[in-house]
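*Asks:* The structure follows.
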Amino acid sequence: MKRIYVNEKWCLGCHLCEYYCAYANSGEKDMVHALKGVAIRPRIQIEENNGISFAVSCRHCKEPLCVKSCITGALSVEDGVITVNRDKCVGCYTCILSCPYGCVMPSENGVIQKCELCMKNSVGSPACVKGCPNKAIVYEER
């Protein structure tokens, strides 16, 4: 299965992946309307430590603790991709507590959000990969 991988040697820490992610998941047709004057809520986060920058997003684990901990069944695995059914999520945040990578986050409407590899927003490959100017984020099978 294809996954997102990050080469921290190439990451500039520019945060463009976060903006492309937020735009791709906004449902808007225009990036300016989607992001101008809005606090973005991307599903990928840039972490910086000791001069090293790297993107953190869902690893779509083979045995996902977030899915196992979900009390309502809102999280499921479809073709290797962990997806969220927002109608089932009650916002208990057990999945947030159980993710060892910190990749499940609260959303603005009380449920959770996480990377779903842009499968539901018809971008094709993940928007963060397309938007990375230095090709530090790749979408490939390893």
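Chain labels A, B, ... are given in the sequence in which chains occur in the structure tokens; within each chain residues are numbered consecutively from 1, and ligands are likewise numbered from 1 in the order shown.
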Contacts of Ala24 of chain A at 12 Å or less, counting only C-alpha atoms, minus same-chain residues fewer than 4 places along, as an NGL selection string?
*Replies:* :A and (17-20 or 28-31 or 34-35 or 40-44 or 115-131)
*Asks:* Write down as a PyMOL selection string the residues of segment 58-129 of chain A whose backbone DSSP state falls under strand (DSSP E).
*Replies:* chain A and resi 75-78+81-84+105-106+112-113
*Asks:* Have a look at A:Trp10, A:Tyr101, A:Tyr139, A:Tyr5 and name the one nearest to Ile52 of chain A; count only C-alpha atoms.
*Replies:*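 That would be A:Trp10, the residue with the smallest distance to Ile52 of chain A.
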*Asks:* At a cut-off of 12 Å, using only C-alpha atoms, what residues contact Asn134 of chain A? Leave out same-chain residues fewer than 5 positions from it and give the result as a PyMOL selection string.
*Replies:* chain A and resi 6-17+128-129
*Asks:* Using N, CA and C atoms, can you write the selected residues to a file as a PDB file, in the first residue's frame?
*Replies:*
ATOM      1  N   VAL A   6       8.391  10.983   4.645  1.00  0.00           N
ATOM      2  CA  VAL A   6       9.030  12.291   4.719  1.00  0.00           C
ATOM      3  C   VAL A   6      10.533  12.123   4.823  1.00  0.00           C
ATOM      4  N   ASN A   7      11.257  12.893   4.023  1.00  0.00           N
ATOM      5  CA  ASN A   7      12.710  12.941   4.113  1.00  0.00           C
ATOM      6  C   ASN A   7      13.061  14.247   4.818  1.00  0.00           C
ATOM      7  N   GLU A   8      13.340  14.153   6.119  1.00  0.00           N
ATOM      8  CA  GLU A   8      13.589  15.366   6.909  1.00  0.00           C
ATOM      9  C   GLU A   8      14.819  16.142   6.439  1.00  0.00           C
ATOM     10  N   LYS A   9      15.726  15.502   5.700  1.00  0.00           N
ATOM     11  CA  LYS A   9      16.891  16.208   5.157  1.00  0.00           C
ATOM     12  C   LYS A   9      16.469  17.249   4.126  1.00  0.00           C
ATOM     13  N   TRP A  10      15.335  17.009   3.463  1.00  0.00           N
ATOM     14  CA  TRP A  10      14.882  17.900   2.414  1.00  0.00           C
ATOM     15  C   TRP A  10      13.800  18.871   2.866  1.00  0.00           C
ATOM     16  N   CYS A  11      13.238  18.652   4.057  1.00  0.00           N
ATOM     17  CA  CYS A  11      12.150  19.512   4.547  1.00  0.00           C
ATOM     18  C   CYS A  11      12.695  20.889   4.909  1.00  0.00           C
ATOM     19  N   LEU A  12      12.089  21.920   4.328  1.00  0.00           N
ATOM     20  CA  LEU A  12      12.495  23.308   4.577  1.00  0.00           C
ATOM     21  C   LEU A  12      11.779  23.918   5.775  1.00  0.00           C
ATOM     22  N   GLY A  13      10.745  23.263   6.260  1.00  0.00           N
ATOM     23  CA  GLY A  13       9.946  23.820   7.344  1.00  0.00           C
ATOM     24  C   GLY A  13       9.073  24.978   6.882  1.00  0.00           C
ATOM     25  N   CYS A  14       8.701  24.976   5.613  1.00  0.00           N
ATOM     26  CA  CYS A  14       7.940  26.089   5.033  1.00  0.00           C
ATOM     27  C   CYS A  14       6.449  26.042   5.380  1.00  0.00           C
ATOM     28  N   HIS A  15       5.950  24.887   5.800  1.00  0.00           N
ATOM     29  CA  HIS A  15       4.552  24.675   6.177  1.00  0.00           C
ATOM     30  C   HIS A  15       3.589  24.696   4.992  1.00  0.00           C
ATOM     31  N   LEU A  16       4.095  24.697   3.762  1.00  0.00           N
ATOM     32  CA  LEU A  16       3.191  24.694   2.608  1.00  0.00           C
ATOM     33  C   LEU A  16       2.334  23.438   2.569  1.00  0.00           C
ATOM     34  N   CYS A  17       2.875  22.315   3.017  1.00  0.00           N
ATOM     35  CA  CYS A  17       2.085  21.077   3.035  1.00  0.00           C
ATOM     36  C   CYS A  17       0.843  21.252   3.902  1.00  0.00           C
ATOM     37  N   CYS A 128      -0.615  17.379   0.174  1.00  0.00           N
ATOM     38  CA  CYS A 128       0.644  17.774   0.817  1.00  0.00           C
ATOM     39  C   CYS A 128       1.836  17.365  -0.042  1.00  0.00           C
ATOM     40  N   VAL A 129       1.733  16.226  -0.706  1.00  0.00           N
ATOM     41  CA  VAL A 129       2.812  15.742  -1.574  1.00  0.00           C
ATOM     42  C   VAL A 129       2.928  16.645  -2.794  1.00  0.00           C
TER      43      VAL A 129
END
*Asks:* I'd like the neighbourhood of Lys62 of chain A as a compact mmCIF listing (two decimals) with C-alpha atoms, in the first residue's frame, where a residue qualifies if any of its atoms comes within 12 Å (using only C-alpha atoms), though same-chain residues fewer than 5 positions away should be ignored.
*Replies:*
# COMPACT_ATOMS: atom_id res chain seq x y z
CA MET A 1 0.00 0.00 0.00
CA ARG A 3 1.89 5.74 2.18
CA VAL A 67 -9.36 2.07 15.28
CA LYS A 68 -9.25 -0.49 18.08
CA SER A 76 -12.28 1.99 10.10
CA VAL A 77 -9.76 0.64 7.64
CA GLU A 78 -10.71 0.71 3.96
CA ASP A 79 -8.12 -0.68 1.53
CA GLY A 80 -5.37 0.03 4.05
CA VAL A 81 -6.45 3.64 4.66
CA ILE A 82 -7.79 4.59 8.08
*Asks:* Given only C-alpha atoms as the basis, pick out the residue of A:Leu65, A:Cys103, A:Val138, A:Leu97 nearest to Ile46 of chain A.
*Replies:*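 Once distances to Ile46 of chain A are computed over only C-alpha atoms, the minimum belongs to A:Cys103.
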